[in-house]
Amino acid sequence: MTSGHFTHIHHGKPLIEWSDNIKERHDYVRKIKPKRERALRMALMIRVPDGLIPNAYNEARLVYEEVWRAYKEASRAYWEEAGHAHWEASHEEVWGVYEAVWRAYNEARRAVDWQAIHDASCHQKCPMRDPAATSIFARGKTLKQALR
Ligand SMILES: [Zn+2]
């Protein structure tokens, strides 16, 4: 399965993020990130079991994604079909809806104990089990340094 919530898609916070296709991130890390960081980055991108993700948050996330897609589509359509003047007026209406849904999504996201979900899903020696750590590189950039 390539979509889902994963730990450490990025080296800092948030600890857990949604990915539509984690393989793209794997490819990016393998090609673009500094060689000495790659093993650690790959080792700590772990699929979080769906059962650990709270329903209220997940529902807010799905609504947000749907509205985001609709917003992008509406913006494109207004722009292409009606031109700039019409786009500005319509855009404000659509933006209002998008903003409200975005706020609800962020509230739902803030209500989740991501540290607890992280600790239940991530590597036993992950540096970010320490809530004060701000990066997977807190103990060094190599696998050996970080997971000691
Ligand atoms: Zn971790």
# chains A, B, ... in the order shown; residues from 1 in each chain; ligands from 1
>>> residues_near_ligand(ligand="ligand 1", cutoff="12 Å", atoms="only C-alpha atoms and all ligand atoms", output="NGL selection string")
:A and (6-17 or 40-48 or 114-131 or 133-138 or 146-147)
>>> select_by_dssp(residues="chain A", states="strand (DSSP E)", output="VMD selection string")
chain A and resid 4 to 7 16 to 19
>>> write_last_selection(atoms="N, CA and C atoms", output="PDB file, in the first residue's frame")
ATOM      1  N   GLY A   4      -1.268   6.473   2.797  1.00  0.00           N
ATOM      2  CA  GLY A   4      -1.566   6.298   4.212  1.00  0.00           C
ATOM      3  C   GLY A   4      -0.810   7.317   5.037  1.00  0.00           C
ATOM      4  N   HIS A   5      -0.918   7.174   6.338  1.00  0.00           N
ATOM      5  CA  HIS A   5      -0.151   8.023   7.246  1.00  0.00           C
ATOM      6  C   HIS A   5       1.196   7.364   7.498  1.00  0.00           C
ATOM      7  N   PHE A   6       2.241   8.155   7.473  1.00  0.00           N
ATOM      8  CA  PHE A   6       3.600   7.643   7.679  1.00  0.00           C
ATOM      9  C   PHE A   6       4.321   8.516   8.693  1.00  0.00           C
ATOM     10  N   THR A   7       5.226   7.896   9.436  1.00  0.00           N
ATOM     11  CA  THR A   7       6.103   8.667  10.314  1.00  0.00           C
ATOM     12  C   THR A   7       7.219   9.267   9.461  1.00  0.00           C
ATOM     13  N   ILE A  16       3.978  12.831  11.939  1.00  0.00           N
ATOM     14  CA  ILE A  16       3.183  11.939  11.082  1.00  0.00           C
ATOM     15  C   ILE A  16       2.442  12.772  10.052  1.00  0.00           C
ATOM     16  N   GLU A  17       2.504  12.319   8.792  1.00  0.00           N
ATOM     17  CA  GLU A  17       1.801  13.007   7.713  1.00  0.00           C
ATOM     18  C   GLU A  17       1.152  11.994   6.791  1.00  0.00           C
ATOM     19  N   TRP A  18       0.169  12.474   6.051  1.00  0.00           N
ATOM     20  CA  TRP A  18      -0.486  11.662   5.033  1.00  0.00           C
ATOM     21  C   TRP A  18       0.345  11.701   3.755  1.00  0.00           C
ATOM     22  N   SER A  19       0.443  10.556   3.081  1.00  0.00           N
ATOM     23  CA  SER A  19       1.056  10.517   1.747  1.00  0.00           C
ATOM     24  C   SER A  19       0.115   9.808   0.789  1.00  0.00           C
TER      25      SER A  19
END
>>> closest_residue(among="A:Asp27, A:Asp50, A:Glu99, A:Arg38", to="Met1 in chain A", atoms="only C-alpha atoms")
A:Asp50
>>> residues_around(residues="range 58-73 of chain A", least_positions_apart="6", cutoff="7 Å", atoms="only C-alpha atoms", output="PDB file with C-alpha atoms, in the first residue's frame")
ATOM      1  CA  VAL A  94     -14.886  29.535  -3.077  1.00  0.00           C
ATOM      2  CA  TYR A  98     -12.083  26.439   1.560  1.00  0.00           C
ATOM      3  CA  VAL A 101     -12.876  23.658   5.982  1.00  0.00           C
ATOM      4  CA  TRP A 102      -9.128  24.240   6.335  1.00  0.00           C
ATOM      5  CA  ALA A 104     -11.808  22.678  10.858  1.00  0.00           C
ATOM      6  CA  TYR A 105      -9.141  20.300   9.535  1.00  0.00           C
ATOM      7  CA  ALA A 108      -9.026  18.294  14.263  1.00  0.00           C
TER       8      ALA A 108
END
>>> select_by_dssp(residues="chain A", states="alpha helix (DSSP H)", output="ChimeraX atom specification")
/A:22-32,35-43,55-110,114-121,143-146
>>> closest_residue(among="A:Leu52, A:Val97, A:Val112, A:Ala39", to="Leu143 in chain A", atoms="only C-alpha atoms")
A:Ala39
>>> closest_residue(among="A:Arg103, A:Glu37, A:Lys31, A:Glu92", to="Lys144 in chain A", atoms="only C-alpha atoms")
A:Glu37
